[in-house]
Each structure stands twice: as C-alpha cells, then as structure tokens.
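One file, run_33.txt, is given below (compact mmCIF, C-alpha atoms).
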# COMPACT_ATOMS: atom_id res chain seq x y z
CA MET A 1 0.00 0.00 0.00
CA GLY A 2 2.90 2.38 0.63
CA PHE A 3 1.43 4.33 3.58
CA SER A 4 0.02 3.75 7.06
CA VAL A 5 -3.52 4.68 8.04
CA GLN A 6 -2.47 4.38 11.67
CA ASP A 7 -0.53 7.63 11.27
CA GLY A 8 -3.88 9.39 11.15
CA VAL A 9 -6.18 10.90 8.54
CA PHE A 10 -6.35 14.54 7.50
CA LEU A 11 -9.82 15.36 6.20
CA ILE A 12 -10.44 18.41 4.00
CA GLN A 13 -14.08 19.34 3.45
CA ASN A 14 -15.59 21.80 1.01
CA GLN A 15 -18.59 22.88 3.06
CA GLU A 16 -20.27 24.46 0.06
CA THR A 17 -20.80 20.99 -1.43
CA ASP A 18 -21.66 19.35 1.93
CA PRO A 19 -23.52 22.19 3.70
CA GLN A 20 -25.08 20.00 6.39
CA ASP A 21 -21.77 18.24 7.12
CA LEU A 22 -23.41 14.83 6.69
CA LEU A 23 -20.61 13.22 4.73
CA ARG A 24 -17.91 14.80 6.88
CA HIS A 25 -19.45 13.47 10.09
CA HIS A 26 -19.90 10.06 8.48
CA VAL A 27 -16.24 9.81 7.44
CA GLU A 28 -15.01 11.09 10.81
CA ARG A 29 -17.08 8.44 12.64
CA PHE A 30 -15.85 5.73 10.27
CA PHE A 31 -12.25 6.24 11.34
CA GLN A 32 -12.87 7.14 14.97
CA GLU A 33 -14.82 3.90 15.49
CA ARG A 34 -11.73 2.05 14.27
CA GLY A 35 -9.35 3.88 16.57
CA ILE A 36 -7.80 6.03 13.84
CA SER A 37 -7.28 9.72 14.59
CA VAL A 38 -8.90 12.28 12.31
CA GLU A 39 -8.02 15.95 11.91
CA THR A 40 -10.38 18.09 9.84
CA SER A 41 -9.98 21.34 7.91
CA ILE A 42 -13.29 22.90 6.83
CA LEU A 43 -13.27 25.16 3.77
CA ALA A 44 -16.31 27.40 4.14
CA SER A 45 -15.73 29.26 0.86
CA ARG A 46 -13.56 29.27 -2.25
CA ASN A 47 -11.11 31.63 -0.54
CA SER A 48 -10.68 29.47 2.58
CA GLN A 49 -7.21 28.10 3.23
CA VAL A 50 -6.34 24.55 4.24
CA GLU A 51 -5.07 24.59 7.83
CA LEU A 52 -3.07 21.76 9.38
CA LEU A 53 -3.89 22.20 13.07
CA ASP A 54 -1.38 20.01 14.89
CA ASN A 55 1.49 20.39 12.36
CA LYS A 56 1.82 16.61 12.28
CA LYS A 57 2.25 14.90 8.93
CA PRO A 58 -0.81 12.65 8.46
CA GLY A 59 -0.80 9.13 7.07
CA PHE A 60 -2.97 10.24 4.17
CA VAL A 61 -5.37 12.98 3.09
CA ILE A 62 -9.03 12.63 2.14
CA VAL A 63 -10.67 15.47 0.23
CA LEU A 64 -14.46 15.88 0.32
CA GLY A 65 -15.40 18.12 -2.59
CA GLY A 66 -14.83 18.46 -6.30
CA ASP A 67 -11.68 18.65 -8.38
CA GLY A 68 -11.20 22.32 -7.47
CA THR A 69 -11.12 21.46 -3.78
CA PHE A 70 -8.67 18.67 -4.51
CA LEU A 71 -6.32 21.08 -6.29
CA ARG A 72 -6.45 23.45 -3.30
CA ALA A 73 -5.38 20.54 -1.10
CA VAL A 74 -2.50 19.79 -3.48
CA ARG A 75 -1.16 23.31 -2.86
CA CYS A 76 -0.86 22.40 0.79
CA PHE A 77 0.53 18.86 0.48
CA GLY A 78 2.12 18.78 -2.99
CA LYS A 79 5.68 18.65 -1.66
CA GLU A 80 4.99 16.49 1.40
CA LYS A 81 4.65 13.11 -0.36
CA VAL A 82 1.43 12.49 1.59
CA PRO A 83 -0.94 10.12 -0.28
CA MET A 84 -4.23 11.72 -1.26
CA VAL A 85 -7.67 10.51 -2.31
CA GLY A 86 -10.85 12.41 -3.11
CA VAL A 87 -14.55 11.79 -2.45
CA ASN A 88 -16.64 13.56 -5.06
CA THR A 89 -19.30 15.91 -3.73
CA GLY A 90 -18.87 18.28 -6.67
CA HIS A 91 -19.76 17.75 -10.31
CA LEU A 92 -17.66 15.68 -12.71
CA GLY A 93 -14.96 14.62 -10.27
CA PHE A 94 -11.99 13.31 -12.25
CA LEU A 95 -9.51 13.71 -9.40
CA THR A 96 -12.07 12.96 -6.68
CA ARG A 97 -12.71 9.45 -7.92
CA ILE A 98 -14.73 8.01 -5.03
CA GLU A 99 -18.46 8.69 -5.35
CA ALA A 100 -20.12 9.71 -2.08
CA ASP A 101 -22.63 6.84 -2.10
CA LYS A 102 -19.77 4.30 -2.19
CA VAL A 103 -17.51 5.89 0.38
CA ASP A 104 -17.70 3.04 2.94
CA PHE A 105 -16.61 0.43 0.40
CA TYR A 106 -13.57 2.43 -0.66
CA LEU A 107 -12.55 3.41 2.86
CA GLU A 108 -12.67 -0.26 3.85
CA THR A 109 -10.55 -1.04 0.81
CA ILE A 110 -7.96 1.49 1.99
CA LEU A 111 -7.91 -0.01 5.48
CA LYS A 112 -7.39 -3.49 4.01
CA GLY A 113 -4.39 -2.20 2.09
CA ASP A 114 -5.85 -3.25 -1.26
CA THR A 115 -4.64 -0.11 -3.01
CA GLU A 116 -1.62 1.25 -4.81
CA LEU A 117 -0.03 4.66 -5.18
CA GLU A 118 0.05 6.43 -8.52
CA GLN A 119 2.85 8.97 -8.75
CA ARG A 120 1.53 11.96 -10.69
CA MET A 121 3.86 14.35 -12.47
CA MET A 122 3.65 18.06 -11.60
CA LEU A 123 5.00 21.21 -13.23
CA ALA A 124 7.22 23.73 -11.45
CA VAL A 125 6.30 27.32 -12.30
CA GLY A 126 9.31 29.61 -12.24
CA SER A 127 10.80 27.58 -9.38
CA GLU A 128 9.89 24.61 -7.21
CA ASP A 129 7.97 26.97 -4.90
CA GLN A 130 4.84 26.85 -7.06
CA LEU A 131 3.54 23.55 -8.46
CA ALA A 132 0.80 22.65 -10.91
CA LEU A 133 -0.83 19.22 -10.92
CA ASN A 134 -3.24 20.05 -13.74
CA ASP A 135 -2.17 23.00 -15.83
CA VAL A 136 -0.82 26.49 -16.24
CA VAL A 137 -3.01 28.83 -18.30
CA VAL A 138 -1.93 32.17 -19.76
CA LYS A 139 -4.56 34.68 -20.95
CA ASN A 140 -4.94 38.38 -21.62
CA ALA A 141 -6.12 40.35 -18.57
CA ASN A 142 -8.54 42.05 -20.96
CA PRO A 143 -10.88 39.19 -22.00
CA SER A 144 -11.90 41.01 -25.19
CA ARG A 145 -8.33 41.06 -26.52
CA LEU A 146 -6.02 38.41 -27.90
CA ALA A 147 -2.85 37.34 -26.16
CA THR A 148 0.35 36.91 -28.12
CA ILE A 149 2.45 34.33 -26.29
CA ASN A 150 5.95 33.37 -27.39
CA VAL A 151 7.02 29.83 -26.48
CA TYR A 152 10.61 28.58 -26.31
CA VAL A 153 11.67 24.95 -25.83
CA GLU A 154 15.16 24.61 -24.37
CA GLU A 155 15.79 28.23 -25.43
CA GLU A 156 14.78 27.45 -29.03
CA PHE A 157 11.85 29.49 -30.36
CA LEU A 158 8.86 27.22 -30.98
CA ALA A 159 5.94 29.47 -31.85
CA ALA A 160 4.14 32.76 -31.28
CA TYR A 161 0.53 31.99 -30.44
CA ASP A 162 -2.10 34.63 -31.23
CA ALA A 163 -5.00 33.22 -29.25
CA ASP A 164 -7.39 33.73 -26.40
CA GLY A 165 -4.77 31.97 -24.31
CA LEU A 166 -2.45 29.00 -23.98
CA ILE A 167 -2.79 25.91 -21.78
CA VAL A 168 0.26 23.96 -20.62
CA ALA A 169 -1.14 20.69 -19.27
CA THR A 170 0.23 17.67 -17.47
CA PRO A 171 -1.14 14.19 -18.21
CA THR A 172 -3.34 14.53 -15.11
CA GLY A 173 -4.69 17.86 -16.39
CA SER A 174 -5.18 16.66 -19.95
CA THR A 175 -8.83 15.76 -19.19
CA ALA A 176 -9.59 19.20 -17.76
CA TYR A 177 -9.43 22.60 -19.53
CA ASN A 178 -6.99 21.14 -22.05
CA LEU A 179 -9.59 18.66 -23.30
CA SER A 180 -12.30 21.32 -23.52
CA ALA A 181 -9.97 23.43 -25.70
CA GLY A 182 -9.40 20.53 -28.13
CA GLY A 183 -6.18 19.23 -26.60
CA PRO A 184 -5.17 15.56 -26.43
CA ILE A 185 -6.02 13.10 -23.67
CA MET A 186 -2.87 11.63 -22.10
CA ASP A 187 -2.61 8.55 -19.93
CA PRO A 188 -1.71 9.76 -16.41
CA ASP A 189 1.35 7.50 -16.42
CA SER A 190 2.74 9.41 -19.40
CA GLU A 191 5.79 11.63 -19.07
CA ALA A 192 4.71 14.47 -21.33
CA ILE A 193 3.44 18.05 -21.51
CA ALA A 194 0.68 19.29 -23.83
CA LEU A 195 0.63 22.82 -25.27
CA THR A 196 -2.89 23.72 -26.36
CA PRO A 197 -3.81 27.15 -27.74
CA ILE A 198 -7.28 28.46 -26.83
CA CYS A 199 -9.21 29.64 -29.91
CA PRO A 200 -6.06 30.46 -31.94
CA HIS A 201 -6.30 32.88 -34.86
CA SER A 202 -4.49 30.49 -37.16
CA LEU A 203 -5.60 27.17 -38.64
CA SER A 204 -2.04 25.89 -38.28
CA ALA A 205 -1.87 26.49 -34.50
CA LYS A 206 -2.57 22.98 -33.21
CA PRO A 207 -1.85 21.31 -29.87
CA ILE A 208 1.58 19.75 -29.52
CA ILE A 209 2.92 17.18 -27.04
CA LEU A 210 6.46 17.58 -25.73
CA PRO A 211 8.65 15.31 -23.60
CA ALA A 212 8.27 16.13 -19.93
CA ASP A 213 11.96 16.87 -19.44
CA ARG A 214 11.93 19.90 -21.77
CA LEU A 215 12.44 23.36 -20.27
CA LEU A 216 9.73 25.76 -21.47
CA THR A 217 9.83 29.55 -21.47
CA LEU A 218 6.63 31.52 -21.97
CA GLU A 219 6.93 35.20 -22.88
CA SER A 220 4.40 37.99 -23.22
CA ASP A 221 5.04 39.51 -26.63
CA MET A 222 5.86 43.22 -26.79
CA ALA A 223 2.81 43.66 -29.05
CA ASN A 224 0.43 42.93 -26.15
CA ASP A 225 -1.30 46.08 -24.93
CA SER A 226 -2.41 44.52 -21.63
CA GLU A 227 -0.90 42.35 -18.96
CA LEU A 228 -1.26 38.60 -19.24
CA ILE A 229 -2.72 36.62 -16.36
CA CYS A 230 -1.07 33.31 -15.45
CA ALA A 231 -3.30 30.84 -13.61
CA VAL A 232 -1.83 27.79 -11.85
CA ASP A 233 -4.34 24.98 -11.34
CA GLY A 234 -7.23 27.38 -11.75
CA ASP A 235 -6.03 30.14 -9.42
CA ASP A 236 -4.65 33.44 -10.75
CA ALA A 237 -1.02 33.38 -9.64
CA PHE A 238 0.80 36.31 -11.26
CA THR A 239 0.79 38.67 -14.23
CA LEU A 240 3.20 39.31 -17.09
CA ARG A 241 3.84 42.72 -18.60
CA PRO A 242 4.83 42.87 -22.28
CA GLY A 243 8.33 41.45 -22.63
CA GLU A 244 8.26 39.53 -19.33
CA LYS A 245 8.68 35.77 -19.27
CA PHE A 246 8.71 32.78 -16.95
CA LYS A 247 9.96 29.20 -17.07
CA LEU A 248 8.09 25.91 -16.73
CA PHE A 249 9.63 22.51 -16.15
CA LYS A 250 8.90 19.09 -14.72
CA SER A 251 9.02 19.28 -10.94
CA VAL A 252 11.18 16.99 -8.84
CA HIS A 253 8.05 16.48 -6.72
CA GLN A 254 5.40 13.91 -7.59
CA LEU A 255 1.96 13.63 -6.06
CA PRO A 256 1.04 10.18 -4.70
CA LEU A 257 -2.62 9.42 -5.41
CA ILE A 258 -4.36 6.46 -3.81
CA ALA A 259 -5.62 4.20 -6.61
CA PHE A 260 -7.86 1.15 -6.55
CA HIS A 261 -7.63 -2.16 -8.41
CA GLY A 262 -11.27 -2.50 -9.48
CA LYS A 263 -12.03 -2.64 -13.19
CA ALA A 264 -14.40 0.33 -12.84
CA ASP A 265 -11.59 2.36 -11.23
CA SER A 266 -9.16 2.33 -14.16
CA PHE A 267 -8.40 5.57 -16.00
CA TYR A 268 -10.07 4.29 -19.17
CA SER A 269 -13.21 3.16 -17.34
CA ILE A 270 -13.52 6.60 -15.77
CA LEU A 271 -13.08 8.22 -19.19
CA LYS A 272 -15.94 6.15 -20.57
CA ARG A 273 -18.22 6.62 -17.58
CA LYS A 274 -17.72 10.33 -16.93
CA LEU A 275 -16.93 11.72 -20.37
CA GLY A 276 -18.63 9.23 -22.69
CA TRP A 277 -15.24 8.61 -24.33
CA SER A 278 -15.18 6.06 -27.19
CA ALA A 279 -18.98 5.85 -27.26
CA ASN A 280 -20.38 4.87 -30.65
CA PRO A 281 -23.17 7.34 -31.51
CA ARG A 282 -24.77 4.92 -33.97
CA ALA A 283 -24.93 2.16 -31.36
CA ILE A 284 -26.45 4.61 -28.86
CA ALA A 285 -29.05 5.74 -31.42
CA GLN A 286 -29.95 2.13 -32.22
CA SER A 287 -30.37 1.27 -28.54
CA ARG A 288 -32.82 4.18 -28.14
CA ALA A 289 -34.76 3.45 -31.28
CA THR A 290 -38.32 2.24 -30.93
CA PHE A 291 -40.20 0.41 -33.62
Could you spell out this file's structure in structure tokens?
Amino acid sequence: MGFSVQDGVFLIQNQETDPQDLLRHHVERFFQERGISVETSILASRNSQVELLDNKKPGFVIVLGGDGTFLRAVRCFGKEKVPMVGVNTGHLGFLTRIEADKVDFYLETILKGDTELEQRMMLAVGSEDQLALNDVVVKNANPSRLATINVYVEEEFLAAYDADGLIVATPTGSTAYNLSAGGPIMDPDSEAIALTPICPHSLSAKPIILPADRLLTLESDMANDSELICAVDGDDAFTLRPGEKFKLFKSVHQLPLIAFHGKADSFYSILKRKLGWSANPRAIAQSRATF
C-alpha cells in the first residue's frame, strides 16, 4: 500500500458541497470507530485556506469536494509526499474518484491495504515553490483582446501563439481545460506536456505534445497592450507585462494518489463513464430506437 492509516487521517471538506456536514461526520465516525485519529480542515468558501492544526504529517489525506477542492489541497501537500484521495461531492470529479454513495466500500478497501499509489507528475512554475498538478493557463487580462504568447523549448523558439490563451497541461490535467480546448487526452502514467492554444487565430496552430523533461519559457510579446494573467491549477497566480517571461519545467516532486484495483476504477473506465469517451453514436441511437 505504501502508507500507514495508523498515522492518522487529515480530512479536508468543502462545506459548500456538503452544507449539512453529513458526509464529513460520516467519514469522521468511520475512522474514529476504528481507533484512527482524524483531523479536519473545513473550507467554508472558495477563498478558505487549508489549515493543518497540529502540524503533524498525516498518514494520508481525504478530500471531500470536487476537483477544485482537490487542487487546493495539493497546494498544501504537494511537496509532502502524503498520499491523497478524493470523495466527489462536486460535479464531474476526475480527481475525486470516489463517489459519495460508495464511500464506505472504498474506505474499507484502503484499510485493508488493497490499493496502490500512482505517482503523478507536476509542473514547477518559475521555481519549485509553485507547483501545478493540472495546468498552467496564460490569458490576456482584458478578455476582449487576444494574447500573443511566445514559447521557447530549451531556449529554441517554438511558436508565437495569437490566441485567447495558452494551456500547458500535465497528463493529469489533460482531461480538464486542455480537453475542452481541443487538446489531447494523455494517460496519467505518461511523461509528457501538452501545449494547447485556446481559440487560436491560425488554422495551423494545433496542440503539440512535448517530452516532460523539456524546459519551457513563456513570454508575453511586446505587441500585447495589456498584462497577461497566469493561472496555476485554476487560481490566478501572477501577471506578465509585455516582454516579461517565466519558465516551466517538470518538478522533482510527484503527487502520490491512492488508486484502486477494481475494473471500474481504471483511468479508461472513468473516461468512458464520466466523459462518454469512445462511445459509438450509432450504437447509442440504435439502442434508443423504438419500432
């Protein structure tokens, strides 16, 4: 299993998606009845910060919320090598893979040790101080204007994107904003980075996949008449004035995610179930047909 539940559980709850605290109380009781200590951080709003009360490194972290809540938890534990798992009380829930109505089954599975740890690649933004599990997105601060973003790979000029923005996605983030913008799906075990322009003003500006070990530099072109906003895992992190640049590279840190062995828990099963991936529209139409 690679971790010990006896070291205690740190529970992070998005109260906006569990306003009556029913699931939180249920999970707390589950562990307390088994003699396992539980520490809880309640996020009352989107701006709430995760607080570790006793400063003790927990055995693992459980997130009750959606993928956005999970990413907020990653900001707190991304460098700590603490295994994480999510219970989905949000919407789609690609990172929070456990559905709330099946929480007991999966928690029992964790206690039995019938799990494994997936090591997910992260991106370092500028330095190792800021990490992205999903993506880094660059857009114009003025939403009505294009952004011109120059991209260099290992100091070699790759392209100047005239677009609404640019997404730099990890394999984990490939099924998020990157997918919505027409980028490729990547297996989470891949070692790669996807560059996906958002609504580019050129038919030749297509997504490209690069090896994960490439050093990227993103620059705000001097032609931009506004600052560019750089968002890391969905949160606005910093701005770029025309001519300013920053570097992106594969972090030395990896995020350990608790994974399950069930057939329905594989990455491809989740793709099919939650996104309708590989569905045959003709077969679906035939199954709905009445005669």
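With only C-alpha atoms as the atoms that count, the residue of A:Ala279, A:Ile193, A:Leu22, A:Val63 with the shortest distance to A:Asp135 is A:Ile193.
Coordinates place atom CA of A:Gly78 at a distance of 18.6 Å from atom CA of A:Ser174.
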With 4 Å added on each side, what axis-aligned box encloses every listed atom of stretch 128-147 of chain A? Give the centre and edge lengths in Å to one decimal, as lines of an AutoDock Vina configuration file.
center_x = -1.0
center_y = 30.6
center_z = -16.4
size_x = 29.8
size_y = 30.8
size_z = 31.0
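The two atoms in question, atom CA of A:Ile42 and atom CA of A:Leu11, are spaced 8.3 Å apart.
Taking atom CA of A:Phe60 as the reference point, atom CA of A:Gly8 is found at 7.1 Å.
Closest to A:Ala192 among A:Lys245, A:Arg145, A:Arg120, A:Arg29 is A:Arg120, based on all atoms listed in the file.
Here the question is which of A:Asp67, A:Thr17, A:His26, A:Lys274 gets nearest to A:Ala44 using all atoms listed in the file, and that residue is A:Thr17.
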Mind dumping a table of every stretch 11-58 of chain A residue within 8 Å of stretch 79-101 of chain A, with the nearest atom pair and its distance in Å to one decimal, using all atoms listed in the file, sorted by chain and rising number, as a tab-separated table?
residue	atom	partner	partner_atom	distance
A:Thr17	CA	A:Thr89	CA	5.8
A:Asp18	CA	A:Thr89	CA	7.0
A:Leu23	CA	A:Ala100	CA	7.7
A:Lys57	CA	A:Val82	CA	7.8
A:Pro58	CA	A:Val82	CA	7.2
Write the residues of the selection above to a file with C-alpha atoms, as a compact mmCIF listing (two decimals), in the frame of the given file.
# COMPACT_ATOMS: atom_id res chain seq x y z
CA THR A 17 -20.80 20.99 -1.43
CA ASP A 18 -21.66 19.35 1.93
CA LEU A 23 -20.61 13.22 4.73
CA LYS A 57 2.25 14.90 8.93
CA PRO A 58 -0.81 12.65 8.46
- Message: Env of A:Thr217: 8 Å cut, atoms = only C-alpha atoms, seq-sep filter 5 positions within chain, self excluded. Answer as a PyMOL selection string.
- Response: chain A and resi 151-155+245-248
- Using only C-alpha atoms, which of the listed residues (A:Pro256, A:Gly276, A:Gly165, A:Pro200) sits closest to A:Val138? A:Gly165
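The closest residue to A:Gly59, picked from A:Ser41, A:Ser4, A:Thr115, A:Thr196 and counting all atoms listed in the file, is A:Ser4.
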Using the atoms already present, construct N, CA and C atoms for stretch 194-227 of chain A and hand them back as a tab-separated table (two decimals), in the coordinates of the input.
chain	number	residue	atom	x	y	z
A	194	ALA	N	1.46	18.87	-22.66
A	194	ALA	CA	0.68	19.29	-23.83
A	194	ALA	C	0.58	20.81	-23.87
A	195	LEU	N	0.85	21.39	-25.03
A	195	LEU	CA	0.63	22.82	-25.27
A	195	LEU	C	-0.60	22.96	-26.15
A	196	THR	N	-1.64	23.61	-25.63
A	196	THR	CA	-2.89	23.72	-26.36
A	196	THR	C	-3.33	25.17	-26.43
A	197	PRO	N	-3.32	25.78	-27.62
A	197	PRO	CA	-3.81	27.15	-27.74
A	197	PRO	C	-5.33	27.19	-27.60
A	198	ILE	N	-5.84	28.28	-27.01
A	198	ILE	CA	-7.28	28.46	-26.83
A	198	ILE	C	-7.79	29.39	-27.93
A	199	CYS	N	-8.64	28.86	-28.81
A	199	CYS	CA	-9.21	29.64	-29.91
A	199	CYS	C	-8.13	30.42	-30.67
A	200	PRO	N	-7.14	29.74	-31.23
A	200	PRO	CA	-6.06	30.46	-31.94
A	200	PRO	C	-6.57	31.10	-33.23
A	201	HIS	N	-5.94	32.20	-33.62
A	201	HIS	CA	-6.30	32.88	-34.86
A	201	HIS	C	-5.42	32.40	-36.00
A	202	SER	N	-5.26	31.10	-36.08
A	202	SER	CA	-4.49	30.49	-37.16
A	202	SER	C	-4.89	29.02	-37.25
A	203	LEU	N	-5.21	28.57	-38.46
A	203	LEU	CA	-5.60	27.17	-38.64
A	203	LEU	C	-4.43	26.22	-38.41
A	204	SER	N	-3.21	26.74	-38.45
A	204	SER	CA	-2.04	25.89	-38.28
A	204	SER	C	-1.60	25.76	-36.82
A	205	ALA	N	-2.24	26.52	-35.93
A	205	ALA	CA	-1.87	26.49	-34.50
A	205	ALA	C	-2.60	25.34	-33.82
A	206	LYS	N	-1.97	24.19	-33.78
A	206	LYS	CA	-2.57	22.98	-33.21
A	206	LYS	C	-1.86	22.59	-31.92
A	207	PRO	N	-2.52	21.80	-31.09
A	207	PRO	CA	-1.85	21.31	-29.87
A	207	PRO	C	-0.61	20.49	-30.22
A	208	ILE	N	0.35	20.52	-29.32
A	208	ILE	CA	1.58	19.75	-29.52
A	208	ILE	C	1.96	19.11	-28.18
A	209	ILE	N	2.47	17.89	-28.24
A	209	ILE	CA	2.92	17.18	-27.04
A	209	ILE	C	4.44	17.16	-27.04
A	210	LEU	N	5.01	17.53	-25.89
A	210	LEU	CA	6.46	17.58	-25.73
A	210	LEU	C	6.90	16.62	-24.63
A	211	PRO	N	8.13	16.13	-24.71
A	211	PRO	CA	8.65	15.31	-23.60
A	211	PRO	C	8.66	16.12	-22.31
A	212	ALA	N	8.41	15.44	-21.21
A	212	ALA	CA	8.27	16.13	-19.93
A	212	ALA	C	9.55	16.79	-19.45
A	213	ASP	N	10.70	16.34	-19.94
A	213	ASP	CA	11.96	16.87	-19.44
A	213	ASP	C	12.41	18.14	-20.17
A	214	ARG	N	11.57	18.68	-21.04
A	214	ARG	CA	11.93	19.90	-21.77
A	214	ARG	C	11.68	21.14	-20.90
A	215	LEU	N	12.61	22.08	-20.95
A	215	LEU	CA	12.44	23.36	-20.27
A	215	LEU	C	11.67	24.30	-21.18
A	216	LEU	N	10.55	24.84	-20.69
A	216	LEU	CA	9.73	25.76	-21.47
A	216	LEU	C	9.89	27.18	-20.94
A	217	THR	N	9.88	28.14	-21.85
A	217	THR	CA	9.83	29.55	-21.47
A	217	THR	C	8.65	30.18	-22.18
A	218	LEU	N	7.77	30.83	-21.41
A	218	LEU	CA	6.63	31.52	-21.97
A	218	LEU	C	6.84	33.02	-21.78
A	219	GLU	N	6.65	33.77	-22.88
A	219	GLU	CA	6.93	35.20	-22.88
A	219	GLU	C	5.73	35.98	-23.40
A	220	SER	N	5.42	37.07	-22.72
A	220	SER	CA	4.40	37.99	-23.22
A	220	SER	C	5.02	38.86	-24.31
A	221	ASP	N	4.48	38.76	-25.51
A	221	ASP	CA	5.04	39.51	-26.63
A	221	ASP	C	4.91	41.01	-26.41
A	222	MET	N	5.87	41.76	-26.94
A	222	MET	CA	5.86	43.22	-26.79
A	222	MET	C	4.64	43.84	-27.46
A	223	ALA	N	3.98	43.12	-28.38
A	223	ALA	CA	2.81	43.66	-29.05
A	223	ALA	C	1.57	43.68	-28.16
A	224	ASN	N	1.59	42.94	-27.05
A	224	ASN	CA	0.43	42.93	-26.15
A	224	ASN	C	0.23	44.32	-25.54
A	225	ASP	N	-1.03	44.77	-25.51
A	225	ASP	CA	-1.30	46.08	-24.93
A	225	ASP	C	-1.88	45.97	-23.53
A	226	SER	N	-1.94	44.75	-22.99
A	226	SER	CA	-2.41	44.52	-21.63
A	226	SER	C	-1.51	43.50	-20.96
A	227	GLU	N	-1.61	43.41	-19.65
A	227	GLU	CA	-0.90	42.35	-18.96
A	227	GLU	C	-1.54	41.00	-19.26
